[in-house]
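Coordinates from start-v7.tsv are shown below (TSV, C-alpha atoms).
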```
chain	number	residue	atom	x	y	z
P	163	MET	CA	1.70	-22.38	-13.33
P	164	ILE	CA	-1.99	-22.48	-12.34
P	165	LYS	CA	-1.35	-25.47	-10.06
P	166	LEU	CA	1.51	-23.54	-8.43
P	167	LYS	CA	-0.75	-20.54	-7.73
P	168	ILE	CA	-3.44	-22.82	-6.28
P	169	PHE	CA	-0.81	-24.47	-4.06
P	170	LYS	CA	0.39	-21.04	-2.84
P	171	ILE	CA	-3.16	-19.94	-2.04
P	172	ASN	CA	-3.86	-23.18	-0.14
P	173	LEU	CA	-0.54	-22.83	1.70
P	174	ILE	CA	-1.39	-19.27	2.74
P	175	LEU	CA	-4.90	-20.21	3.94
P	176	PHE	CA	-3.62	-23.30	5.79
P	177	SER	CA	-0.86	-21.26	7.44
P	178	ILE	CA	-3.28	-18.51	8.53
P	179	CYS	CA	-5.56	-21.14	10.10
P	180	LEU	CA	-2.64	-22.55	12.11
P	181	LEU	CA	-1.39	-19.08	13.09
P	182	SER	CA	-4.85	-18.29	14.48
P	183	PHE	CA	-4.10	-20.72	17.34
P	184	ASN	CA	-1.57	-18.07	18.41
P	185	GLY	CA	0.79	-20.59	20.05
P	186	PRO	CA	4.57	-20.01	19.93
P	187	ILE	CA	5.44	-23.59	18.88
P	188	THR	CA	2.67	-23.82	16.26
P	189	SER	CA	3.55	-20.42	14.78
P	190	CYS	CA	7.24	-21.27	14.78
P	191	LEU	CA	6.62	-24.51	12.85
P	192	VAL	CA	4.40	-22.70	10.36
P	193	PHE	CA	7.07	-20.10	9.63
P	194	MET	CA	9.78	-22.76	9.28
P	195	LEU	CA	7.62	-24.88	6.96
P	196	VAL	CA	6.66	-21.96	4.69
P	197	ASP	CA	10.21	-20.57	4.56
P	198	SER	CA	11.66	-24.01	3.82
P	199	LEU	CA	9.20	-24.66	0.98
P	200	LEU	CA	9.91	-21.27	-0.56
P	201	ILE	CA	13.68	-21.81	-0.25
P	202	ILE	CA	13.39	-25.18	-2.02
P	203	TYR	CA	11.26	-23.65	-4.78
P	204	MET	CA	13.70	-20.76	-5.34
P	205	ILE	CA	16.69	-23.14	-5.46
P	206	ILE	CA	14.94	-25.44	-7.96
P	207	VAL	CA	13.97	-22.66	-10.39
P	208	SER	CA	17.27	-20.79	-10.07
P	209	LYS	CA	20.20	-21.72	-12.30
P	210	SER	CA	22.61	-19.45	-10.46
P	211	LYS	CA	24.52	-20.71	-7.42
P	212	ILE	CA	25.07	-17.15	-6.22
P	213	LYS	CA	21.34	-16.44	-6.41
P	214	SER	CA	20.60	-19.66	-4.49
P	215	PHE	CA	23.09	-18.65	-1.80
P	216	ILE	CA	21.55	-15.16	-1.46
P	217	THR	CA	18.09	-16.75	-1.25
P	218	VAL	CA	19.06	-19.19	1.51
P	219	LEU	CA	20.89	-16.48	3.46
P	220	SER	CA	17.95	-14.06	3.21
P	221	TYR	CA	15.45	-16.64	4.42
P	222	ILE	CA	17.73	-17.70	7.28
P	223	PHE	CA	17.75	-14.13	8.59
P	224	LEU	CA	13.96	-13.91	8.17
P	225	MET	CA	13.47	-17.26	9.90
P	226	ILE	CA	15.62	-16.14	12.84
P	227	ALA	CA	13.47	-13.00	13.20
P	228	GLN	CA	10.27	-15.06	13.03
P	229	ILE	CA	11.50	-17.61	15.60
P	230	PHE	CA	12.62	-14.77	17.88
P	231	TYR	CA	9.14	-13.25	17.59
P	232	CYS	CA	7.46	-16.59	18.42
P	233	MET	CA	9.65	-17.39	21.41
P	234	ILE	CA	9.90	-13.92	22.94
P	235	VAL	CA	6.67	-12.13	21.99
P	236	LEU	CA	4.10	-14.93	21.70
P	237	ASP	CA	5.51	-16.76	24.69
P	238	GLY	CA	5.83	-13.61	26.81
P	239	ASN	CA	3.61	-12.87	29.78
P	240	ASP	CA	3.44	-9.08	29.46
P	241	PHE	CA	2.33	-8.84	25.81
P	242	ALA	CA	-1.35	-8.65	24.90
P	243	VAL	CA	-2.28	-12.01	23.38
P	244	GLY	CA	-5.14	-12.02	20.95
P	245	ARG	CA	-6.19	-10.27	17.81
P	246	MET	CA	-3.11	-8.02	17.63
P	247	THR	CA	-0.57	-10.85	17.87
P	248	ILE	CA	-2.48	-12.90	15.29
P	249	ALA	CA	-2.41	-9.90	12.94
P	250	ILE	CA	1.35	-9.46	13.45
P	251	SER	CA	1.89	-13.19	12.86
P	252	ILE	CA	0.00	-12.92	9.57
P	253	LEU	CA	2.15	-9.93	8.62
P	254	PHE	CA	5.27	-12.00	9.35
P	255	LEU	CA	3.83	-14.74	7.14
P	256	GLY	CA	3.36	-12.15	4.42
P	257	PHE	CA	7.03	-11.21	4.72
P	258	SER	CA	7.94	-14.78	3.72
P	259	PHE	CA	6.03	-14.51	0.44
P	260	TRP	CA	7.04	-10.87	-0.05
P	261	LEU	CA	10.72	-11.75	0.30
P	262	LYS	CA	10.30	-14.45	-2.32
P	263	GLU	CA	8.81	-11.88	-4.73
P	264	ILE	CA	11.62	-9.41	-4.04
P	265	LEU	CA	14.35	-11.98	-4.60
P	266	ASP	CA	12.59	-13.46	-7.64
P	267	VAL	CA	12.25	-10.09	-9.38
P	268	ASN	CA	15.17	-7.97	-8.22
P	269	LEU	CA	17.97	-10.54	-8.38
P	270	ASP	CA	17.08	-11.25	-12.01
P	271	LYS	CA	17.60	-7.57	-12.76
P	272	VAL	CA	21.24	-7.87	-11.77
P	273	TYR	CA	23.38	-9.33	-14.54
P	274	ILE	CA	25.55	-11.58	-12.34
P	275	PHE	CA	22.43	-13.22	-10.82
P	276	SER	CA	20.61	-13.76	-14.11
P	277	ASN	CA	20.02	-17.11	-15.77
P	278	TYR	CA	21.92	-16.27	-18.92
P	279	ASN	CA	24.83	-18.52	-19.82
P	280	ILE	CA	28.07	-16.59	-19.49
P	281	LYS	CA	31.00	-17.72	-21.56
P	282	PRO	CA	34.36	-18.09	-19.80
P	283	ASN	CA	35.97	-15.27	-21.76
P	284	SER	CA	33.02	-12.91	-21.58
P	285	SER	CA	33.16	-9.83	-19.38
P	286	LEU	CA	30.57	-7.60	-17.75
P	287	SER	CA	29.92	-4.45	-19.74
P	288	PHE	CA	30.32	-1.06	-18.10
P	289	ASP	CA	26.57	-0.50	-18.47
P	290	ARG	CA	25.84	-3.69	-16.54
P	291	LEU	CA	28.34	-2.80	-13.83
P	292	GLU	CA	26.84	0.67	-13.58
P	293	GLU	CA	23.36	-0.85	-13.30
P	294	PHE	CA	24.52	-3.19	-10.54
P	295	ASN	CA	26.23	-0.34	-8.66
P	296	GLN	CA	23.09	1.78	-8.92
P	297	ILE	CA	20.90	-1.02	-7.55
P	298	LEU	CA	23.36	-1.60	-4.71
P	299	HIS	CA	23.48	2.13	-3.96
P	300	ASP	CA	19.67	2.34	-3.90
P	301	LYS	CA	19.43	-0.58	-1.45
P	302	VAL	CA	22.02	0.99	0.85
P	303	GLU	CA	20.17	4.31	0.77
P	304	THR	CA	16.89	2.54	1.57
P	305	VAL	CA	18.50	0.90	4.61
P	306	LYS	CA	19.86	4.27	5.80
P	307	ILE	CA	16.48	5.97	5.38
P	308	SER	CA	14.75	3.05	7.13
P	309	LYS	CA	17.00	3.44	10.17
P	310	GLU	CA	16.11	7.14	10.41
P	311	ILE	CA	12.37	6.71	9.86
P	312	ILE	CA	11.47	3.40	11.53
P	313	THR	CA	12.08	4.27	15.18
P	314	LYS	CA	10.67	2.54	18.25
P	315	GLU	CA	7.96	5.20	18.57
P	316	VAL	CA	6.93	4.79	14.94
P	317	ILE	CA	6.73	0.99	15.28
P	318	GLU	CA	4.59	1.31	18.43
P	319	GLU	CA	2.22	3.70	16.66
P	320	VAL	CA	1.93	1.40	13.63
P	321	ILE	CA	1.21	-1.59	15.92
P	322	GLU	CA	-1.58	0.42	17.54
P	323	GLU	CA	-3.04	0.98	14.07
P	324	VAL	CA	-2.78	-2.74	13.28
P	325	LYS	CA	-4.84	-3.49	16.40
P	326	ARG	CA	-7.69	-1.34	15.08
P	327	ASN	CA	-7.86	-2.99	11.65
P	328	SER	CA	-9.61	-6.03	10.28
P	329	PHE	CA	-8.40	-7.87	7.19
P	330	ILE	CA	-11.35	-10.21	6.64
P	331	SER	CA	-14.53	-8.42	7.79
P	332	TYR	CA	-16.21	-5.01	7.54
P	333	ILE	CA	-15.83	-2.93	10.69
P	334	ASN	CA	-16.88	0.49	9.38
P	335	GLU	CA	-20.61	0.73	8.70
P	336	ASP	CA	-22.88	3.76	8.16
P	337	THR	CA	-20.37	6.28	9.59
P	338	LEU	CA	-20.95	9.06	7.04
P	339	THR	CA	-23.14	11.77	8.58
P	340	GLU	CA	-26.37	13.11	7.09
P	341	GLN	CA	-24.68	16.50	6.74
P	342	TYR	CA	-21.88	14.98	4.67
P	343	LEU	CA	-24.29	13.03	2.46
P	344	GLU	CA	-26.31	16.21	1.87
P	345	GLN	CA	-23.14	18.09	0.84
P	346	LEU	CA	-22.33	15.19	-1.47
P	347	GLU	CA	-25.68	15.53	-3.26
P	348	ASN	CA	-25.36	19.33	-3.44
P	349	SER	CA	-22.03	19.01	-5.29
P	350	ILE	CA	-23.65	17.39	-8.34
P	351	ASP	CA	-23.66	20.66	-10.34
P	352	ASP	CA	-19.87	21.03	-10.08
P	353	LYS	CA	-18.56	19.52	-13.32
P	354	TYR	CA	-15.27	18.46	-11.72
P	355	ILE	CA	-14.07	15.97	-9.16
P	356	TYR	CA	-10.97	16.80	-7.13
P	357	ILE	CA	-8.10	14.41	-6.44
P	358	VAL	CA	-5.94	15.28	-3.46
P	359	LEU	CA	-2.48	13.74	-3.11
P	360	SER	CA	-1.00	14.20	0.35
P	361	ASP	CA	2.06	13.64	2.48
P	362	THR	CA	0.43	13.55	5.90
P	363	GLY	CA	3.65	12.97	7.85
P	364	THR	CA	2.07	10.26	10.03
P	365	SER	CA	4.01	7.23	11.26
P	366	ALA	CA	2.18	4.90	8.87
P	367	SER	CA	2.94	7.27	6.00
P	368	LYS	CA	6.65	7.27	6.89
P	369	VAL	CA	6.81	3.46	6.96
P	370	ILE	CA	4.95	3.23	3.65
P	371	SER	CA	7.37	5.75	2.10
P	372	VAL	CA	10.21	3.30	2.76
P	373	ILE	CA	8.32	0.63	0.80
P	374	THR	CA	7.02	2.79	-2.07
P	375	HIS	CA	10.01	5.18	-2.25
P	376	LYS	CA	7.44	7.99	-2.53
P	377	SER	CA	6.75	10.88	-0.16
P	378	TYR	CA	3.07	11.25	-1.07
P	379	ASN	CA	1.35	8.12	0.21
P	380	HIS	CA	-2.29	9.09	0.58
P	381	VAL	CA	-4.90	10.07	-1.98
P	382	SER	CA	-8.46	11.34	-1.49
P	383	ILE	CA	-11.32	12.44	-3.70
P	384	SER	CA	-13.68	15.40	-3.31
P	385	PHE	CA	-16.79	16.40	-5.25
P	386	ASP	CA	-16.77	20.14	-4.54
P	387	ASN	CA	-14.15	22.85	-5.03
P	388	GLN	CA	-14.07	23.72	-1.33
P	389	LEU	CA	-13.11	20.11	-0.50
P	390	LYS	CA	-15.99	19.84	1.96
P	391	THR	CA	-16.83	16.40	0.54
P	392	LEU	CA	-13.29	15.04	0.81
P	393	ILE	CA	-13.36	11.27	1.35
P	394	SER	CA	-11.09	8.23	1.19
P	395	TYR	CA	-10.12	5.02	2.92
P	396	ASN	CA	-8.16	5.84	6.07
P	397	GLY	CA	-7.62	4.92	9.70
P	398	GLY	CA	-10.57	6.97	10.94
P	399	GLU	CA	-8.41	9.34	13.01
P	400	ARG	CA	-9.29	7.20	16.07
P	401	VAL	CA	-12.85	8.53	15.85
P	402	ASN	CA	-14.34	6.11	13.32
P	403	PRO	CA	-13.23	2.55	12.52
P	404	PRO	CA	-10.68	2.18	9.69
P	405	GLY	CA	-12.33	2.11	6.27
P	406	LEU	CA	-14.35	4.60	4.23
P	407	ASN	CA	-14.37	7.92	6.10
P	408	SER	CA	-14.89	11.57	5.26
P	409	GLU	CA	-11.84	13.78	5.68
P	410	MET	CA	-10.98	17.38	6.45
P	411	ILE	CA	-8.19	19.34	4.80
P	412	GLU	CA	-7.02	20.34	8.28
P	413	TYR	CA	-6.49	16.66	9.12
P	414	LEU	CA	-4.25	16.14	6.09
P	415	MET	CA	-2.23	19.25	6.98
P	416	LYS	CA	-2.00	18.83	10.75
P	417	ARG	CA	1.70	17.86	10.86
P	418	ASP	CA	4.47	20.43	10.48
P	419	ASP	CA	5.93	18.55	7.52
P	420	SER	CA	2.62	17.91	5.71
P	421	SER	CA	1.92	19.00	2.15
P	422	ILE	CA	-0.73	18.31	-0.50
P	423	TYR	CA	-1.37	18.60	-4.23
P	424	VAL	CA	-4.90	19.28	-5.48
P	425	TYR	CA	-5.92	18.24	-9.02
P	426	LYS	CA	-9.25	18.38	-10.78
P	427	LEU	CA	-10.77	16.13	-13.44
P	428	GLU	CA	-13.76	16.99	-15.61
P	429	VAL	CA	-16.56	14.41	-15.49
P	430	THR	CA	-20.16	14.21	-16.64
P	431	ARG	CA	-23.11	14.67	-14.31
P	432	GLU	CA	-24.00	10.99	-14.78
P	433	GLN	CA	-20.47	9.83	-13.89
P	434	LYS	CA	-20.48	11.97	-10.77
P	435	GLN	CA	-23.87	10.63	-9.69
P	436	LYS	CA	-22.64	7.05	-10.13
P	437	MET	CA	-19.66	7.77	-7.86
P	438	ILE	CA	-21.86	9.39	-5.23
P	439	ASP	CA	-24.26	6.43	-5.31
P	440	LYS	CA	-21.34	4.00	-4.96
P	441	ILE	CA	-20.06	5.85	-1.89
P	442	LYS	CA	-23.51	5.59	-0.31
P	443	GLU	CA	-23.61	1.87	-1.12
P	444	ILE	CA	-20.20	1.21	0.48
P	445	ASN	CA	-21.21	3.27	3.52
P	446	LEU	CA	-24.32	1.13	4.07
P	447	ASN	CA	-22.77	-2.26	3.27
P	448	GLY	CA	-19.64	-1.66	5.33
P	449	SER	CA	-15.91	-1.34	4.69
P	450	ALA	CA	-12.47	-1.98	6.16
P	451	TYR	CA	-8.97	-0.71	5.50
P	452	ASN	CA	-6.72	-2.99	3.43
P	453	LEU	CA	-3.64	-2.62	5.63
P	454	ILE	CA	-1.99	-5.82	4.39
P	455	GLY	CA	-2.33	-4.77	0.75
P	456	LEU	CA	-1.00	-1.33	1.63
P	457	PHE	CA	2.23	-2.58	3.21
P	458	PHE	CA	2.86	-5.30	0.65
P	459	LYS	CA	1.93	-3.18	-2.38
P	460	LYS	CA	-0.62	-5.77	-3.52
P	461	SER	CA	-4.33	-5.37	-4.14
P	462	TYR	CA	-5.28	-8.31	-1.94
P	463	ASN	CA	-8.83	-7.83	-0.64
P	464	TYR	CA	-10.83	-10.61	0.99
P	465	LYS	CA	-14.07	-8.67	0.38
P	466	PRO	CA	-14.89	-6.02	-2.26
P	467	ASN	CA	-15.04	-3.11	0.17
P	468	ILE	CA	-11.72	-3.88	1.88
P	469	MET	CA	-9.41	-1.40	0.16
P	470	TYR	CA	-6.70	1.17	0.71
P	471	CYS	CA	-6.90	4.78	-0.49
P	472	SER	CA	-5.57	4.51	-4.06
P	473	GLN	CA	-7.57	1.32	-4.67
P	474	PHE	CA	-10.72	3.15	-3.60
P	475	VAL	CA	-10.17	6.26	-5.75
P	476	TYR	CA	-9.25	4.28	-8.87
P	477	SER	CA	-12.09	1.75	-8.45
P	478	LEU	CA	-14.54	4.64	-7.99
P	479	LEU	CA	-13.35	6.29	-11.20
P	480	GLN	CA	-13.45	2.95	-13.00
P	481	TYR	CA	-16.96	2.19	-11.76
P	482	ALA	CA	-18.22	5.48	-13.21
P	483	GLY	CA	-16.26	5.09	-16.46
P	484	ALA	CA	-14.13	8.14	-15.59
P	485	GLU	CA	-10.73	6.46	-15.27
P	486	TYR	CA	-8.05	8.23	-17.33
P	487	PHE	CA	-5.47	5.44	-17.39
P	488	GLU	CA	-5.51	1.65	-17.36
P	489	ASN	CA	-4.11	-0.13	-14.35
P	490	THR	CA	-2.89	-3.58	-15.38
P	491	THR	CA	-0.83	-4.34	-12.27
P	492	LYS	CA	-1.91	-5.83	-8.94
P	493	SER	CA	-0.68	-2.79	-7.05
P	494	LEU	CA	-1.53	0.89	-7.27
P	495	LYS	CA	0.33	3.66	-5.45
P	496	PRO	CA	-1.32	7.03	-4.73
P	497	THR	CA	1.25	8.77	-6.95
P	498	ASP	CA	0.23	6.50	-9.86
P	499	LEU	CA	-2.99	8.51	-10.16
P	500	VAL	CA	-0.85	11.45	-11.26
P	501	GLU	CA	2.20	9.82	-12.82
P	502	LEU	CA	0.17	7.53	-15.10
P	503	ASP	CA	-1.90	10.41	-16.48
P	504	TYR	CA	-0.17	10.21	-19.87
P	505	ASP	CA	-3.02	11.98	-21.70
P	506	ARG	CA	-2.85	14.95	-19.31
P	507	LYS	CA	-6.47	14.78	-18.21
P	508	LEU	CA	-5.73	16.15	-14.74
P	509	ILE	CA	-5.47	19.87	-14.08
P	510	LEU	CA	-3.18	20.97	-11.27
P	511	VAL	CA	-5.15	23.31	-9.04
P	512	THR	CA	-2.76	24.12	-6.23
P	513	LYS	CA	-0.04	22.87	-3.89
P	514	LEU	CA	-0.11	23.61	-0.18
P	515	GLY	CA	2.91	23.40	2.07
P	516	PRO	CA	3.12	23.22	5.88
P	517	LYS	CA	0.71	25.55	7.68
P	518	GLU	CA	-0.57	27.14	4.44
P	519	GLU	CA	-4.27	27.90	4.48
P	520	PHE	CA	-6.50	26.37	1.83
P	521	LYS	CA	-8.34	29.05	-0.16
P	522	ILE	CA	-10.26	28.41	-3.34
P	523	ASP	CA	-9.59	31.91	-4.74
P	524	GLN	CA	-5.85	31.24	-4.68
P	525	PHE	CA	-6.13	28.36	-7.15
P	526	SER	CA	-3.81	28.64	-10.13
P	527	GLU	CA	-4.91	26.08	-12.68
P	528	THR	CA	-2.23	24.27	-14.70
P	529	ARG	CA	-2.86	21.39	-17.03
P	530	LEU	CA	-0.29	18.65	-16.45
```

Please express the file's structure as structure tokens.
Amino acid sequence: MIKLKIFKINLILFSICLLSFNGPITSCLVFMLVDSLLIIYMIIVSKSKIKSFITVLSYIFLMIAQIFYCMIVLDGNDFAVGRMTIAISILFLGFSFWLKEILDVNLDKVYIFSNYNIKPNSSLSFDRLEEFNQILHDKVETVKISKEIITKEVIEEVIEEVKRNSFISYINEDTLTEQYLEQLENSIDDKYIYIVLSDTGTSASKVISVITHKSYNHVSISFDNQLKTLISYNGGERVNPPGLNSEMIEYLMKRDDSSIYVYKLEVTREQKQKMIDKIKEINLNGSAYNLIGLFFKKSYNYKPNIMYCSQFVYSLLQYAGAEYFENTTKSLKPTDLVELDYDRKLILVTKLGPKEEFKIDQFSETRL
């Protein structure tokens, strides 16, 4: 198993090196090689002919899309060649490994694709049939929602965001203002931190909602009850580079369909100071937005300060010893910070809908 993981890591690194040449033929060969190896692996480990057929069919469709991308986009004359196309090629490479994970996990959940030996006279139970129908229904609904959400305009906006990101180096350094850092220090006497879960309604948020099946796909943390010290990992609103940036409540609520939940968590003065010091450290050392990990629901980060929003908030809590649940998975969704609060440590402060004004005196505290 360890040798297999090492082989996968080497395959990914080798493929990324070849994709960096950004040539249509080279990229095409890389995609075909990776897809073929993953197909062979899935067929070898699978004992179901139906599962093997679904695997081959899925990878054929993916390979066609990848070849089309190489021949039309990379070989085109009116498409900006460079950092953006390399980033998209790497994303396509990620789809190959992501598809393998999806097939490996989800097909085993369906009884008729499982590796159990089925006797000739045995029959599928109604519960199993119901489970299969529910999975099929969910996939169909996901496809329908994807068609409505992922429009040409949304794709173009997401591509523009990809162009601004870096997956291997820090691009956001010392962007927090002196005024913000002063407000951060002045918040030390407030015995709470504030966790803000938001549905910003942006194009990236809509695409992520298709992947996570959640509406609220951004989380921030604040150290004062007026949310003047709101901060998280984000795209920088085209003002700062993607990475660690301060936020404004007006930014989270700027779309007509935006909404937020505000929670508070009691912490010690020492824990709060540790979090504030860590934010200052990240600000000075540099950061970048973990866009690949965000889309593929994995906590892949080439450097420590390359994170997405929920990674940042949880790691900050963990660093200060203020985490209220244990995350044992490689992925962490923003909604997990609320849904995994089994001990009810969080206190619901308020919910704001579209165009509602944030006012501290309207808070109605409710323990979850």

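Interatomic distance, CA of Ile333 (chain P) to CA of Leu253 (chain P): 19.4 Å.
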
Give one line per residue of region 318-348 of chain P that approaches region 391-401 of chain P to at most 8 Å, naming the two atoms of the closest pair and their distance in Å to one decimal, counting all atoms listed in the file; sort by chain then ascending residue number and deliver it as a tab-separated table.
```
residue	atom	partner	partner_atom	distance
P:Glu323	CA	P:Gly397	CA	7.5
P:Tyr342	CA	P:Thr391	CA	6.7
P:Gln345	CA	P:Thr391	CA	6.5
P:Leu346	CA	P:Thr391	CA	6.0
```

Worksheet item: Which polymer residues have any atom within 9 Å of an atom of region 428-445 of chain P, counting all atoms listed in the file, with same-chain residues fewer than 3 positions away left out, as a ChimeraX atom specification?
Response: /P:334-338,343,346-347,350-356,385,406-407,448-449,467,478-479,481-484,507-509

Worksheet entry | Selected residue of minimal separation from Lys376 (chain P) among P:Asn327, P:Gln388, P:Ser360, P:Ser208, counting all atoms listed in the file | P:Ser360

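Taking CA of Gly515 (chain P) and CA of Asp361 (chain P) as endpoints, the distance between them is 9.8 Å.
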
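In this model, the gap between CA of Ile250 (chain P) and CA of Gln228 (chain P) comes to 10.5 Å.
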
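Neighbours of Gln473 (chain P) closer than or equal to 9 Å, with all atoms listed in the file counted and sequence neighbours fewer than 6 positions away skipped, come out as Tyr395, Ser461, Ser493, Leu494, Lys495 and Pro496 of chain P.
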
Response to the item:
Tyr476 (chain P) proximity check over P:Ile222, P:Val381, P:Met233, P:Leu446, using only C-alpha atoms: winner is P:Val381

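Distances from P:Ala249, P:Ile201, P:Ile234, P:Leu195 to Leu181 (chain P) were compared using only C-alpha atoms, and the smallest one belongs to P:Ala249.
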